[in-house]
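Source file query-v8.cif; content: mmCIF, N, CA and C atoms.
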data_upload
loop_
_atom_site.label_atom_id
_atom_site.label_comp_id
_atom_site.auth_asym_id
_atom_site.auth_seq_id
_atom_site.Cartn_x
_atom_site.Cartn_y
_atom_site.Cartn_z
N MET A 882 -91.80 36.65 48.66
CA MET A 882 -91.27 37.84 48.01
C MET A 882 -89.75 37.73 47.89
N LYS A 883 -89.25 37.97 46.70
CA LYS A 883 -87.81 37.88 46.47
C LYS A 883 -87.09 39.02 47.18
N ARG A 884 -85.96 38.68 47.78
CA ARG A 884 -85.13 39.72 48.39
C ARG A 884 -84.41 40.49 47.30
N ARG A 885 -84.33 41.79 47.47
CA ARG A 885 -83.77 42.70 46.47
C ARG A 885 -82.31 42.98 46.78
N VAL A 886 -81.45 42.79 45.77
CA VAL A 886 -80.00 42.94 45.96
C VAL A 886 -79.44 43.94 44.98
N LEU A 887 -78.58 44.82 45.49
CA LEU A 887 -77.83 45.76 44.67
C LEU A 887 -76.39 45.28 44.63
N ILE A 888 -75.82 45.21 43.43
CA ILE A 888 -74.42 44.81 43.25
C ILE A 888 -73.59 46.08 43.06
N VAL A 889 -72.54 46.22 43.85
CA VAL A 889 -71.62 47.35 43.70
C VAL A 889 -70.24 46.76 43.44
N GLU A 890 -69.86 46.78 42.18
CA GLU A 890 -68.64 46.11 41.71
C GLU A 890 -68.17 46.81 40.44
N ASP A 891 -66.91 47.23 40.40
CA ASP A 891 -66.42 47.97 39.24
C ASP A 891 -65.88 47.08 38.12
N GLU A 892 -65.75 45.79 38.36
CA GLU A 892 -65.32 44.87 37.31
C GLU A 892 -66.57 44.25 36.70
N ILE A 893 -66.83 44.57 35.44
CA ILE A 893 -68.06 44.15 34.77
C ILE A 893 -68.22 42.64 34.75
N ILE A 894 -67.14 41.91 34.51
CA ILE A 894 -67.22 40.45 34.47
C ILE A 894 -67.66 39.89 35.82
N VAL A 895 -67.12 40.44 36.89
CA VAL A 895 -67.48 39.98 38.24
C VAL A 895 -68.93 40.35 38.54
N ALA A 896 -69.33 41.57 38.19
CA ALA A 896 -70.72 42.00 38.41
C ALA A 896 -71.71 41.11 37.65
N ASP A 897 -71.38 40.79 36.40
CA ASP A 897 -72.25 39.92 35.61
C ASP A 897 -72.35 38.53 36.23
N ASP A 898 -71.23 38.01 36.70
CA ASP A 898 -71.23 36.69 37.34
C ASP A 898 -72.07 36.72 38.61
N LEU A 899 -71.92 37.76 39.41
CA LEU A 899 -72.73 37.88 40.62
C LEU A 899 -74.22 37.94 40.29
N GLU A 900 -74.56 38.70 39.27
CA GLU A 900 -75.96 38.80 38.87
C GLU A 900 -76.52 37.44 38.47
N HIS A 901 -75.74 36.68 37.73
CA HIS A 901 -76.15 35.34 37.32
C HIS A 901 -76.35 34.43 38.54
N GLN A 902 -75.38 34.46 39.46
CA GLN A 902 -75.48 33.62 40.66
C GLN A 902 -76.69 34.00 41.51
N LEU A 903 -76.90 35.30 41.67
CA LEU A 903 -78.03 35.77 42.48
C LEU A 903 -79.37 35.36 41.86
N SER A 904 -79.48 35.51 40.56
CA SER A 904 -80.71 35.10 39.87
C SER A 904 -80.96 33.61 40.05
N HIS A 905 -79.89 32.82 39.94
CA HIS A 905 -79.99 31.37 40.11
C HIS A 905 -80.43 31.01 41.54
N LEU A 906 -80.02 31.83 42.51
CA LEU A 906 -80.38 31.58 43.90
C LEU A 906 -81.76 32.13 44.26
N GLY A 907 -82.41 32.82 43.32
CA GLY A 907 -83.76 33.31 43.55
C GLY A 907 -83.86 34.73 44.07
N TYR A 908 -82.78 35.49 43.95
CA TYR A 908 -82.81 36.89 44.39
C TYR A 908 -83.14 37.79 43.21
N GLU A 909 -83.69 38.96 43.51
CA GLU A 909 -83.97 39.96 42.49
C GLU A 909 -82.84 40.99 42.50
N VAL A 910 -82.11 41.09 41.41
CA VAL A 910 -81.04 42.09 41.29
C VAL A 910 -81.69 43.39 40.82
N VAL A 911 -81.60 44.43 41.65
CA VAL A 911 -82.25 45.70 41.33
C VAL A 911 -81.34 46.66 40.59
N GLY A 912 -80.06 46.30 40.45
CA GLY A 912 -79.13 47.15 39.72
C GLY A 912 -77.70 46.82 40.05
N ALA A 913 -76.81 47.46 39.30
CA ALA A 913 -75.38 47.30 39.52
C ALA A 913 -74.73 48.67 39.36
N ALA A 914 -73.75 48.95 40.20
CA ALA A 914 -73.04 50.22 40.16
C ALA A 914 -71.54 49.94 40.20
N GLY A 915 -70.77 50.79 39.52
CA GLY A 915 -69.33 50.64 39.49
C GLY A 915 -68.58 51.62 40.37
N SER A 916 -69.30 52.61 40.92
CA SER A 916 -68.67 53.60 41.80
C SER A 916 -69.51 53.76 43.06
N GLY A 917 -68.89 54.27 44.10
CA GLY A 917 -69.61 54.51 45.34
C GLY A 917 -70.70 55.54 45.17
N GLU A 918 -70.39 56.59 44.42
CA GLU A 918 -71.37 57.65 44.19
C GLU A 918 -72.61 57.11 43.48
N GLU A 919 -72.38 56.32 42.44
CA GLU A 919 -73.49 55.71 41.70
C GLU A 919 -74.28 54.76 42.60
N ALA A 920 -73.58 54.02 43.44
CA ALA A 920 -74.24 53.07 44.34
C ALA A 920 -75.16 53.78 45.33
N VAL A 921 -74.72 54.90 45.87
CA VAL A 921 -75.54 55.65 46.82
C VAL A 921 -76.83 56.12 46.15
N LEU A 922 -76.71 56.65 44.95
CA LEU A 922 -77.90 57.12 44.23
C LEU A 922 -78.85 55.97 43.89
N LEU A 923 -78.28 54.87 43.39
CA LEU A 923 -79.09 53.72 43.00
C LEU A 923 -79.78 53.10 44.21
N ALA A 924 -79.06 53.02 45.33
CA ALA A 924 -79.66 52.46 46.55
C ALA A 924 -80.81 53.34 47.04
N HIS A 925 -80.65 54.64 46.92
CA HIS A 925 -81.72 55.56 47.33
C HIS A 925 -82.97 55.34 46.48
N GLU A 926 -82.78 55.11 45.18
CA GLU A 926 -83.90 54.90 44.26
C GLU A 926 -84.54 53.53 44.42
N GLU A 927 -83.72 52.48 44.55
CA GLU A 927 -84.21 51.10 44.50
C GLU A 927 -84.51 50.47 45.86
N ARG A 928 -83.95 51.02 46.94
CA ARG A 928 -84.18 50.51 48.29
C ARG A 928 -83.94 49.00 48.41
N PRO A 929 -82.71 48.55 48.14
CA PRO A 929 -82.43 47.11 48.23
C PRO A 929 -82.47 46.61 49.67
N ASP A 930 -82.68 45.31 49.82
CA ASP A 930 -82.61 44.67 51.13
C ASP A 930 -81.16 44.37 51.49
N VAL A 931 -80.37 44.02 50.47
CA VAL A 931 -78.97 43.62 50.65
C VAL A 931 -78.14 44.30 49.57
N VAL A 932 -76.92 44.70 49.95
CA VAL A 932 -75.96 45.26 49.00
C VAL A 932 -74.70 44.41 49.05
N LEU A 933 -74.29 43.91 47.88
CA LEU A 933 -72.99 43.23 47.76
C LEU A 933 -72.01 44.31 47.35
N MET A 934 -71.05 44.64 48.22
CA MET A 934 -70.21 45.82 48.08
C MET A 934 -68.73 45.46 47.97
N ASP A 935 -68.13 45.84 46.84
CA ASP A 935 -66.68 45.73 46.70
C ASP A 935 -66.05 46.88 47.48
N MET A 936 -64.82 46.74 47.91
CA MET A 936 -64.14 47.81 48.65
C MET A 936 -63.50 48.84 47.74
N ARG A 937 -62.88 48.36 46.67
CA ARG A 937 -62.19 49.26 45.75
C ARG A 937 -63.07 49.48 44.53
N LEU A 938 -63.46 50.73 44.34
CA LEU A 938 -64.41 51.08 43.28
C LEU A 938 -63.86 52.20 42.42
N GLN A 939 -64.52 52.45 41.31
CA GLN A 939 -64.21 53.61 40.49
C GLN A 939 -64.65 54.85 41.27
N GLY A 940 -64.06 55.99 40.96
CA GLY A 940 -64.47 57.23 41.61
C GLY A 940 -63.73 57.47 42.92
N ALA A 941 -64.11 58.54 43.58
CA ALA A 941 -63.42 58.98 44.79
C ALA A 941 -63.89 58.26 46.05
N MET A 942 -65.09 57.71 46.04
CA MET A 942 -65.68 57.11 47.24
C MET A 942 -65.33 55.63 47.33
N SER A 943 -64.86 55.22 48.49
CA SER A 943 -64.54 53.80 48.70
C SER A 943 -65.82 53.01 48.97
N GLY A 944 -65.71 51.70 48.90
CA GLY A 944 -66.84 50.85 49.21
C GLY A 944 -67.30 51.01 50.64
N ALA A 945 -66.35 51.19 51.56
CA ALA A 945 -66.71 51.36 52.98
C ALA A 945 -67.50 52.64 53.19
N GLU A 946 -67.09 53.72 52.52
CA GLU A 946 -67.81 54.99 52.64
C GLU A 946 -69.22 54.87 52.08
N ALA A 947 -69.32 54.28 50.89
CA ALA A 947 -70.63 54.10 50.26
C ALA A 947 -71.52 53.21 51.11
N ALA A 948 -70.95 52.15 51.68
CA ALA A 948 -71.73 51.23 52.51
C ALA A 948 -72.34 51.93 53.71
N LYS A 949 -71.57 52.78 54.37
CA LYS A 949 -72.09 53.48 55.54
C LYS A 949 -73.22 54.42 55.17
N ILE A 950 -73.08 55.12 54.06
CA ILE A 950 -74.14 56.04 53.62
C ILE A 950 -75.39 55.26 53.23
N ILE A 951 -75.20 54.19 52.46
CA ILE A 951 -76.34 53.37 52.02
C ILE A 951 -77.06 52.77 53.22
N GLN A 952 -76.31 52.23 54.15
CA GLN A 952 -76.93 51.60 55.30
C GLN A 952 -77.68 52.63 56.15
N ARG A 953 -77.08 53.79 56.33
CA ARG A 953 -77.73 54.85 57.11
C ARG A 953 -79.03 55.31 56.43
N ASN A 954 -79.00 55.43 55.09
CA ASN A 954 -80.15 55.97 54.35
C ASN A 954 -81.24 54.95 54.05
N THR A 955 -80.86 53.68 53.92
CA THR A 955 -81.84 52.67 53.49
C THR A 955 -82.03 51.52 54.48
N GLY A 956 -81.07 51.30 55.36
CA GLY A 956 -81.15 50.17 56.27
C GLY A 956 -80.75 48.86 55.64
N ALA A 957 -80.26 48.88 54.41
CA ALA A 957 -79.87 47.65 53.71
C ALA A 957 -78.72 46.97 54.45
N ALA A 958 -78.75 45.65 54.45
CA ALA A 958 -77.63 44.87 54.98
C ALA A 958 -76.49 44.91 53.96
N ILE A 959 -75.27 45.06 54.43
CA ILE A 959 -74.11 45.13 53.54
C ILE A 959 -73.29 43.85 53.69
N ILE A 960 -73.00 43.23 52.55
CA ILE A 960 -72.07 42.11 52.51
C ILE A 960 -70.91 42.56 51.64
N PHE A 961 -69.72 42.67 52.24
CA PHE A 961 -68.56 43.08 51.47
C PHE A 961 -68.03 41.91 50.66
N VAL A 962 -67.67 42.19 49.43
CA VAL A 962 -67.12 41.20 48.50
C VAL A 962 -65.82 41.82 47.99
N THR A 963 -64.67 41.32 48.47
CA THR A 963 -63.42 41.99 48.15
C THR A 963 -62.25 41.03 48.03
N ALA A 964 -61.28 41.43 47.23
CA ALA A 964 -60.04 40.67 47.12
C ALA A 964 -59.07 41.09 48.23
N PHE A 965 -59.45 42.08 49.03
CA PHE A 965 -58.58 42.64 50.06
C PHE A 965 -59.25 42.62 51.44
N PRO A 966 -59.60 41.43 51.94
CA PRO A 966 -60.33 41.37 53.21
C PRO A 966 -59.50 41.80 54.42
N THR A 967 -58.19 41.83 54.28
CA THR A 967 -57.35 42.23 55.41
C THR A 967 -57.53 43.70 55.76
N VAL A 968 -58.15 44.47 54.89
CA VAL A 968 -58.42 45.88 55.20
C VAL A 968 -59.24 45.99 56.48
N PHE A 969 -60.10 45.02 56.75
CA PHE A 969 -60.92 45.06 57.95
C PHE A 969 -60.13 44.70 59.20
N LEU A 970 -59.03 43.96 59.03
CA LEU A 970 -58.15 43.67 60.17
C LEU A 970 -57.35 44.92 60.55
N ARG A 971 -56.92 45.65 59.52
CA ARG A 971 -56.15 46.88 59.77
C ARG A 971 -57.04 48.01 60.28
N ASP A 972 -58.28 48.07 59.82
CA ASP A 972 -59.19 49.15 60.19
C ASP A 972 -60.61 48.61 60.34
N PRO A 973 -60.90 48.00 61.49
CA PRO A 973 -62.22 47.39 61.70
C PRO A 973 -63.38 48.38 61.61
N ALA A 974 -63.11 49.67 61.76
CA ALA A 974 -64.17 50.68 61.71
C ALA A 974 -64.80 50.77 60.32
N GLN A 975 -64.14 50.22 59.31
CA GLN A 975 -64.69 50.25 57.96
C GLN A 975 -65.83 49.25 57.77
N MET A 976 -65.92 48.28 58.64
CA MET A 976 -66.95 47.25 58.53
C MET A 976 -68.29 47.79 59.00
N THR A 977 -69.35 47.39 58.32
CA THR A 977 -70.71 47.73 58.73
C THR A 977 -71.43 46.46 59.15
N ALA A 978 -72.50 46.63 59.91
CA ALA A 978 -73.30 45.48 60.31
C ALA A 978 -73.94 44.87 59.07
N PRO A 979 -74.03 43.60 58.97
CA PRO A 979 -73.85 42.57 59.98
C PRO A 979 -72.43 42.04 60.07
N GLY A 980 -71.45 42.68 59.47
CA GLY A 980 -70.06 42.26 59.60
C GLY A 980 -69.68 41.06 58.76
N ILE A 981 -70.19 40.98 57.54
CA ILE A 981 -69.92 39.84 56.66
C ILE A 981 -69.02 40.29 55.52
N CYS A 982 -67.99 39.49 55.26
CA CYS A 982 -67.07 39.78 54.16
C CYS A 982 -66.74 38.48 53.44
N LEU A 983 -66.97 38.47 52.13
CA LEU A 983 -66.58 37.35 51.28
C LEU A 983 -65.28 37.73 50.60
N SER A 984 -64.31 36.85 50.67
CA SER A 984 -63.02 37.08 50.03
C SER A 984 -63.04 36.51 48.62
N LYS A 985 -62.70 37.36 47.64
CA LYS A 985 -62.63 36.90 46.24
C LYS A 985 -61.39 36.04 46.08
N PRO A 986 -61.46 34.98 45.33
CA PRO A 986 -62.66 34.38 44.75
C PRO A 986 -63.42 33.59 45.81
N PHE A 987 -64.72 33.46 45.63
CA PHE A 987 -65.55 32.72 46.55
C PHE A 987 -66.45 31.80 45.74
N SER A 988 -66.99 30.81 46.43
CA SER A 988 -67.83 29.82 45.76
C SER A 988 -69.30 30.25 45.84
N PRO A 989 -70.14 29.67 44.97
CA PRO A 989 -71.58 29.93 45.07
C PRO A 989 -72.14 29.53 46.43
N VAL A 990 -71.58 28.49 47.04
CA VAL A 990 -72.05 28.06 48.36
C VAL A 990 -71.74 29.13 49.40
N GLN A 991 -70.54 29.71 49.33
CA GLN A 991 -70.19 30.78 50.27
C GLN A 991 -71.11 31.99 50.10
N LEU A 992 -71.43 32.33 48.85
CA LEU A 992 -72.34 33.44 48.58
C LEU A 992 -73.71 33.15 49.18
N LYS A 993 -74.21 31.95 48.97
CA LYS A 993 -75.53 31.57 49.49
C LYS A 993 -75.56 31.63 51.02
N VAL A 994 -74.52 31.13 51.66
CA VAL A 994 -74.47 31.15 53.13
C VAL A 994 -74.46 32.59 53.64
N ALA A 995 -73.68 33.45 53.00
CA ALA A 995 -73.63 34.86 53.41
C ALA A 995 -75.00 35.51 53.26
N LEU A 996 -75.64 35.28 52.13
CA LEU A 996 -76.97 35.87 51.89
C LEU A 996 -78.01 35.30 52.86
N ASP A 997 -77.95 34.00 53.10
CA ASP A 997 -78.91 33.36 54.01
C ASP A 997 -78.73 33.86 55.45
N SER A 998 -77.53 34.32 55.79
CA SER A 998 -77.29 34.77 57.16
C SER A 998 -77.84 36.16 57.43
N VAL A 999 -78.24 36.85 56.36
CA VAL A 999 -78.80 38.19 56.51
C VAL A 999 -80.32 38.06 56.55
N ALA A 1000 -80.89 38.34 57.69
CA ALA A 1000 -82.35 38.19 57.86
C ALA A 1000 -83.09 39.20 56.98
N PRO A 1001 -84.17 38.78 56.32
CA PRO A 1001 -84.92 39.69 55.47
C PRO A 1001 -85.49 40.88 56.22
N GLU A 1002 -85.73 40.73 57.51
CA GLU A 1002 -86.29 41.84 58.27
C GLU A 1002 -85.23 42.82 58.74
N SER A 1003 -83.96 42.60 58.40
CA SER A 1003 -82.89 43.48 58.87
C SER A 1003 -83.09 44.91 58.39
N ARG A 1004 -83.62 45.11 57.19
CA ARG A 1004 -83.82 46.45 56.66
C ARG A 1004 -84.82 47.23 57.50
N ALA A 1005 -85.92 46.61 57.84
CA ALA A 1005 -86.94 47.28 58.64
C ALA A 1005 -86.41 47.65 60.03
N GLU A 1006 -85.58 46.78 60.60
CA GLU A 1006 -85.02 47.03 61.92
C GLU A 1006 -84.07 48.20 61.91
N ASN A 1007 -83.38 48.44 60.81
CA ASN A 1007 -82.35 49.47 60.73
C ASN A 1007 -82.88 50.81 60.25
N GLN A 1008 -84.15 50.92 59.90
CA GLN A 1008 -84.68 52.19 59.39
C GLN A 1008 -85.15 53.08 60.51
#
Mind turning the file's structure into C-alpha coordinates?
Amino acid sequence: MKRRVLIVEDEIIVADDLEHQLSHLGYEVVGAAGSGEEAVLLAHEERPDVVLMDMRLQGAMSGAEAAKIIQRNTGAAIIFVTAFPTVFLRDPAQMTAPGICLSKPFSPVQLKVALDSVAPESRAENQ
(Lines of atoms letter the chains of each structure in order from A and count residues from 1; the text may use other names and numbers.)
(Lines give C-alpha, C1' and ligand atoms only; values in the text may rest on other atoms or scores of the structure.)
Protein backbone atom coordinates (compact mmCIF):
# COMPACT_ATOMS: atom_id res chain seq x y z
CA MET A 1 0.00 0.00 0.00
CA LYS A 2 1.38 3.38 -1.00
CA ARG A 3 2.03 5.83 1.79
CA ARG A 4 -0.13 8.94 1.54
CA VAL A 5 1.59 12.33 1.58
CA LEU A 6 0.19 15.84 1.89
CA ILE A 7 2.33 18.69 0.55
CA VAL A 8 2.05 22.03 2.36
CA GLU A 9 4.01 24.58 0.34
CA ASP A 10 3.00 28.06 -0.82
CA GLU A 11 5.38 28.18 -3.79
CA ILE A 12 3.62 26.39 -6.65
CA ILE A 13 6.84 25.49 -8.47
CA VAL A 14 8.27 23.86 -5.34
CA ALA A 15 4.99 22.03 -4.62
CA ASP A 16 4.86 20.71 -8.20
CA ASP A 17 8.47 19.54 -7.98
CA LEU A 18 7.78 17.78 -4.68
CA GLU A 19 4.73 16.07 -6.17
CA HIS A 20 6.80 14.84 -9.10
CA GLN A 21 9.57 13.54 -6.81
CA LEU A 22 7.09 11.82 -4.50
CA SER A 23 5.30 10.13 -7.39
CA HIS A 24 8.66 8.95 -8.75
CA LEU A 25 9.49 7.50 -5.31
CA GLY A 26 6.20 5.60 -5.21
CA TYR A 27 4.22 7.75 -2.79
CA GLU A 28 0.60 8.79 -3.24
CA VAL A 29 0.18 12.58 -3.07
CA VAL A 30 -3.26 13.21 -1.56
CA GLY A 31 -3.19 16.98 -2.04
CA ALA A 32 -1.31 20.23 -1.77
CA ALA A 33 -2.07 23.30 0.33
CA GLY A 34 -0.58 26.79 0.29
CA SER A 35 -1.76 27.94 3.72
CA GLY A 36 -1.85 26.44 7.19
CA GLU A 37 -5.60 26.78 7.37
CA GLU A 38 -6.07 24.93 4.07
CA ALA A 39 -3.60 22.26 5.19
CA VAL A 40 -5.51 21.56 8.41
CA LEU A 41 -8.77 21.11 6.50
CA LEU A 42 -7.19 18.96 3.79
CA ALA A 43 -5.40 16.78 6.34
CA HIS A 44 -8.67 16.23 8.19
CA GLU A 45 -10.34 15.10 4.94
CA GLU A 46 -7.50 13.04 3.45
CA ARG A 47 -5.81 11.57 6.56
CA PRO A 48 -2.24 11.50 5.19
CA ASP A 49 0.47 9.31 6.68
CA VAL A 50 3.13 12.00 6.16
CA VAL A 51 2.99 15.77 5.72
CA LEU A 52 5.78 17.71 4.02
CA MET A 53 5.41 21.10 5.74
CA ASP A 54 6.97 24.43 4.83
CA MET A 55 7.38 26.86 7.74
CA ARG A 56 6.40 30.07 5.99
CA LEU A 57 2.99 29.85 4.37
CA GLN A 58 0.25 32.07 3.02
CA GLY A 59 -2.33 33.15 5.59
CA ALA A 60 -2.09 33.80 9.30
CA MET A 61 -1.09 30.28 10.43
CA SER A 62 2.55 29.24 10.39
CA GLY A 63 3.73 25.83 9.30
CA ALA A 64 4.61 24.96 12.90
CA GLU A 65 1.10 25.81 14.09
CA ALA A 66 -0.52 23.83 11.29
CA ALA A 67 1.82 20.88 11.92
CA LYS A 68 0.85 20.64 15.58
CA ILE A 69 -2.87 20.73 14.78
CA ILE A 70 -2.53 18.19 11.96
CA GLN A 71 -0.44 15.84 14.04
CA ARG A 72 -2.81 16.08 17.00
CA ASN A 73 -5.88 15.47 14.79
CA THR A 74 -4.53 12.83 12.39
CA GLY A 75 -1.33 11.38 13.84
CA ALA A 76 0.50 12.11 10.58
CA ALA A 77 4.28 12.30 10.71
CA ILE A 78 5.55 15.79 9.90
CA ILE A 79 8.68 16.44 7.86
CA PHE A 80 9.51 20.13 7.72
CA VAL A 81 10.81 21.42 4.39
CA THR A 82 12.12 24.97 4.80
CA ALA A 83 14.66 27.50 3.64
CA PHE A 84 14.87 28.66 7.28
CA PRO A 85 15.91 25.62 9.35
CA THR A 86 17.58 27.78 12.00
CA VAL A 87 14.11 28.63 13.30
CA PHE A 88 14.25 25.29 15.14
CA LEU A 89 17.55 26.25 16.80
CA ARG A 90 16.04 29.50 18.05
CA ASP A 91 12.76 27.88 19.12
CA PRO A 92 12.93 24.08 19.38
CA ALA A 93 9.33 23.96 20.64
CA GLN A 94 8.17 24.53 17.06
CA MET A 95 9.43 21.10 16.01
CA THR A 96 7.07 18.14 16.02
CA ALA A 97 7.89 14.45 16.17
CA PRO A 98 9.73 12.78 14.53
CA GLY A 99 11.93 15.90 14.45
CA ILE A 100 12.94 15.86 10.77
CA CYS A 101 13.74 19.00 8.81
CA LEU A 102 14.97 19.22 5.22
CA SER A 103 16.73 22.45 4.35
CA LYS A 104 15.87 23.90 0.93
CA PRO A 105 17.32 23.21 -1.52
CA PHE A 106 17.59 19.48 -0.94
CA SER A 107 18.33 16.52 -3.16
CA PRO A 108 15.97 13.68 -4.11
CA VAL A 109 18.21 11.38 -2.05
CA GLN A 110 17.74 13.55 1.05
CA LEU A 111 13.97 13.52 0.50
CA LYS A 112 13.95 9.73 0.16
CA VAL A 113 16.03 9.25 3.32
CA ALA A 114 13.70 11.55 5.30
CA LEU A 115 10.61 9.72 4.04
CA ASP A 116 12.16 6.29 4.64
CA SER A 117 12.97 7.27 8.23
CA VAL A 118 9.29 7.78 9.00
CA ALA A 119 7.77 4.41 9.85
CA PRO A 120 4.44 3.72 8.11
CA GLU A 121 2.93 2.66 11.42
CA SER A 122 3.71 6.05 13.03
CA ARG A 123 0.20 7.34 12.27
CA ALA A 124 -1.52 4.49 14.09
CA GLU A 125 0.78 4.91 17.09
CA ASN A 126 -0.02 8.63 17.39
CA GLN A 127 -3.83 8.37 17.16
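Note that atom CA of Ala958 of chain A and atom C of Pro989 of chain A are 18.4 Å apart.
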| DSSP helix (DSSP H, G or I) selection over chain A, as a PyMOL selection string | chain A and resi 893-906+917-927+944-955+968-971+973-975+989-997+1003-1007
| field | Within 8 Å of Lys883 of chain A using all atoms listed in the file, minus same-chain residues under 4 positions, as JSON, numbers by chain | value | {"A": [907, 908, 909, 910]}
Report, as lines of an AutoDock Vina configuration file, the centre and edge lengths in Å (one decimal) of the axis-aligned box enclosing every listed atom of segment 903-910 of chain A, padded by 4 Å on each side.
center_x = -80.4
center_y = 37.2
center_z = 42.1
size_x = 15.1
size_y = 20.4
size_z = 12.5
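Ranking A:Ala947, A:Val994, A:Ile981, A:Met882 by their shortest atom-to-atom distance to Ala920 of chain A, with only N, CA and C atoms included, puts A:Ala947 first.
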Could you list, as a PDB file with N, CA and C atoms, in the frame of the given file, every residue matched by the PyMOL selection byres (((chain A and resi 982 and name CA) around 6) and name CA) in this structure?
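In the end it all went to part.pdb:
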ATOM      1  N   ILE A 960     -73.000  43.230  52.550  1.00  0.00           N
ATOM      2  CA  ILE A 960     -72.070  42.110  52.510  1.00  0.00           C
ATOM      3  C   ILE A 960     -70.910  42.560  51.640  1.00  0.00           C
ATOM      4  N   PHE A 961     -69.720  42.670  52.240  1.00  0.00           N
ATOM      5  CA  PHE A 961     -68.560  43.080  51.470  1.00  0.00           C
ATOM      6  C   PHE A 961     -68.030  41.910  50.660  1.00  0.00           C
ATOM      7  N   VAL A 962     -67.670  42.190  49.430  1.00  0.00           N
ATOM      8  CA  VAL A 962     -67.120  41.200  48.500  1.00  0.00           C
ATOM      9  C   VAL A 962     -65.820  41.820  47.990  1.00  0.00           C
ATOM     10  N   ILE A 981     -70.190  40.980  57.540  1.00  0.00           N
ATOM     11  CA  ILE A 981     -69.920  39.840  56.660  1.00  0.00           C
ATOM     12  C   ILE A 981     -69.020  40.290  55.520  1.00  0.00           C
ATOM     13  N   LEU A 983     -66.970  38.470  52.130  1.00  0.00           N
ATOM     14  CA  LEU A 983     -66.580  37.350  51.280  1.00  0.00           C
ATOM     15  C   LEU A 983     -65.280  37.730  50.600  1.00  0.00           C
TER      16      LEU A 983
END
| Explicit residues for the PyMOL selection byres ((chain A and resi 887) around 7) (as JSON, numbers by chain) | {"A": [885, 886, 888, 889, 909, 910, 911, 912, 913, 914, 929, 930, 931, 932, 933, 934]}
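Note that atom CA of Ser916 of chain A and atom CA of Gly944 of chain A are 8.1 Å apart.
Distances here use all atoms listed in the file; by that measure, the residue among A:Met942, A:Leu903, A:Val895, A:Ile950 closest to Glu918 of chain A is A:Met942.
Interatomic distance, atom C of Leu906 of chain A to atom C of Glu946 of chain A: 27.1 Å.
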| task | Step one, run DSSP on the backbone; step two, keep only residues of chain A assigned to strand (DSSP E or B); then write them as a list in words. | result | Arg885, Val886, Leu887, Ile888, Val889, Glu909, Val910, Val911, Gly912, Ala913, Ala914, Ser916, Val931, Val932, Leu933, Met934, Gln939, Ala958, Ile959, Ile960, Phe961, Val962, Thr963, Ile981, Cys982, Leu983 and Ser984 of chain A
| request: Check the smallest atom-to-atom distance from each of A:Glu927, A:Asp891, A:Asp997, A:Glu900 to Ser943 of chain A using only C-alpha atoms, then report the winner. | output: A:Asp891
| From the set A:Ala964, A:Pro979, A:Leu922, A:Lys949, which residue has the shortest atom-to-atom contact distance to Met936 of chain A, counting all atoms listed in the file? | A:Ala964
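Distance annotation: of A:Leu992, A:Arg928, A:Glu919, A:Ile894, the residue with the minimal separation from Ala957 of chain A is A:Arg928; atom set is only C-alpha atoms.
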Starting from the incomplete input, reconstruct all heavy atoms of segment 923-932 of chain A and report them as a tab-separated table (two decimals), in the frame of the given file.
chain	number	residue	atom	x	y	z
A	923	LEU	N	-78.28	54.87	43.39
A	923	LEU	CA	-79.09	53.72	43.00
A	923	LEU	C	-79.78	53.10	44.21
A	923	LEU	O	-80.95	52.71	44.15
A	923	LEU	CB	-78.21	52.70	42.27
A	923	LEU	CG	-78.90	51.63	41.46
A	923	LEU	CD1	-79.88	52.20	40.45
A	923	LEU	CD2	-77.85	50.79	40.72
A	924	ALA	N	-79.06	53.02	45.33
A	924	ALA	CA	-79.66	52.46	46.55
A	924	ALA	C	-80.81	53.34	47.04
A	924	ALA	O	-81.84	52.82	47.50
A	924	ALA	CB	-78.60	52.32	47.64
A	925	HIS	N	-80.65	54.64	46.92
A	925	HIS	CA	-81.72	55.56	47.33
A	925	HIS	C	-82.97	55.34	46.48
A	925	HIS	O	-84.09	55.34	46.99
A	925	HIS	CB	-81.24	57.01	47.21
A	925	HIS	CG	-82.28	58.00	47.59
A	925	HIS	ND1	-82.67	58.23	48.89
A	925	HIS	CD2	-83.05	58.82	46.83
A	925	HIS	CE1	-83.62	59.14	48.91
A	925	HIS	NE2	-83.88	59.52	47.68
A	926	GLU	N	-82.78	55.11	45.18
A	926	GLU	CA	-83.90	54.90	44.26
A	926	GLU	C	-84.54	53.53	44.42
A	926	GLU	O	-85.76	53.39	44.40
A	926	GLU	CB	-83.43	55.05	42.81
A	926	GLU	CG	-83.03	56.45	42.42
A	926	GLU	CD	-82.37	56.51	41.05
A	926	GLU	OE1	-82.34	55.49	40.33
A	926	GLU	OE2	-81.87	57.59	40.70
A	927	GLU	N	-83.72	52.48	44.55
A	927	GLU	CA	-84.21	51.10	44.50
A	927	GLU	C	-84.51	50.47	45.86
A	927	GLU	O	-85.20	49.46	45.93
A	927	GLU	CB	-83.21	50.22	43.74
A	927	GLU	CG	-83.07	50.59	42.28
A	927	GLU	CD	-84.34	50.38	41.48
A	927	GLU	OE1	-85.18	49.54	41.86
A	927	GLU	OE2	-84.50	51.07	40.46
A	928	ARG	N	-83.95	51.02	46.94
A	928	ARG	CA	-84.18	50.51	48.29
A	928	ARG	C	-83.94	49.00	48.41
A	928	ARG	O	-84.84	48.22	48.74
A	928	ARG	CB	-85.60	50.83	48.75
A	928	ARG	CG	-86.03	52.28	48.56
A	928	ARG	CD	-85.17	53.25	49.27
A	928	ARG	NE	-85.53	53.36	50.68
A	928	ARG	CZ	-85.04	54.28	51.47
A	928	ARG	NH1	-84.18	55.15	51.02
A	928	ARG	NH2	-85.39	54.33	52.72
A	929	PRO	N	-82.71	48.55	48.14
A	929	PRO	CA	-82.43	47.11	48.23
A	929	PRO	C	-82.47	46.61	49.67
A	929	PRO	O	-82.30	47.38	50.61
A	929	PRO	CB	-81.01	47.01	47.67
A	929	PRO	CG	-80.39	48.33	48.00
A	929	PRO	CD	-81.51	49.33	47.84
A	930	ASP	N	-82.68	45.31	49.82
A	930	ASP	CA	-82.61	44.67	51.13
A	930	ASP	C	-81.16	44.37	51.49
A	930	ASP	O	-80.78	44.43	52.66
A	930	ASP	CB	-83.40	43.35	51.13
A	930	ASP	CG	-84.86	43.56	50.81
A	930	ASP	OD1	-85.50	44.37	51.52
A	930	ASP	OD2	-85.36	42.94	49.87
A	931	VAL	N	-80.37	44.02	50.47
A	931	VAL	CA	-78.97	43.62	50.65
A	931	VAL	C	-78.14	44.30	49.57
A	931	VAL	O	-78.58	44.44	48.43
A	931	VAL	CB	-78.81	42.08	50.51
A	931	VAL	CG1	-77.36	41.66	50.71
A	931	VAL	CG2	-79.72	41.34	51.48
A	932	VAL	N	-76.92	44.70	49.95
A	932	VAL	CA	-75.96	45.26	49.00
A	932	VAL	C	-74.70	44.41	49.05
A	932	VAL	O	-74.14	44.18	50.13
A	932	VAL	CB	-75.61	46.72	49.34
A	932	VAL	CG1	-74.57	47.26	48.36
A	932	VAL	CG2	-76.85	47.59	49.33
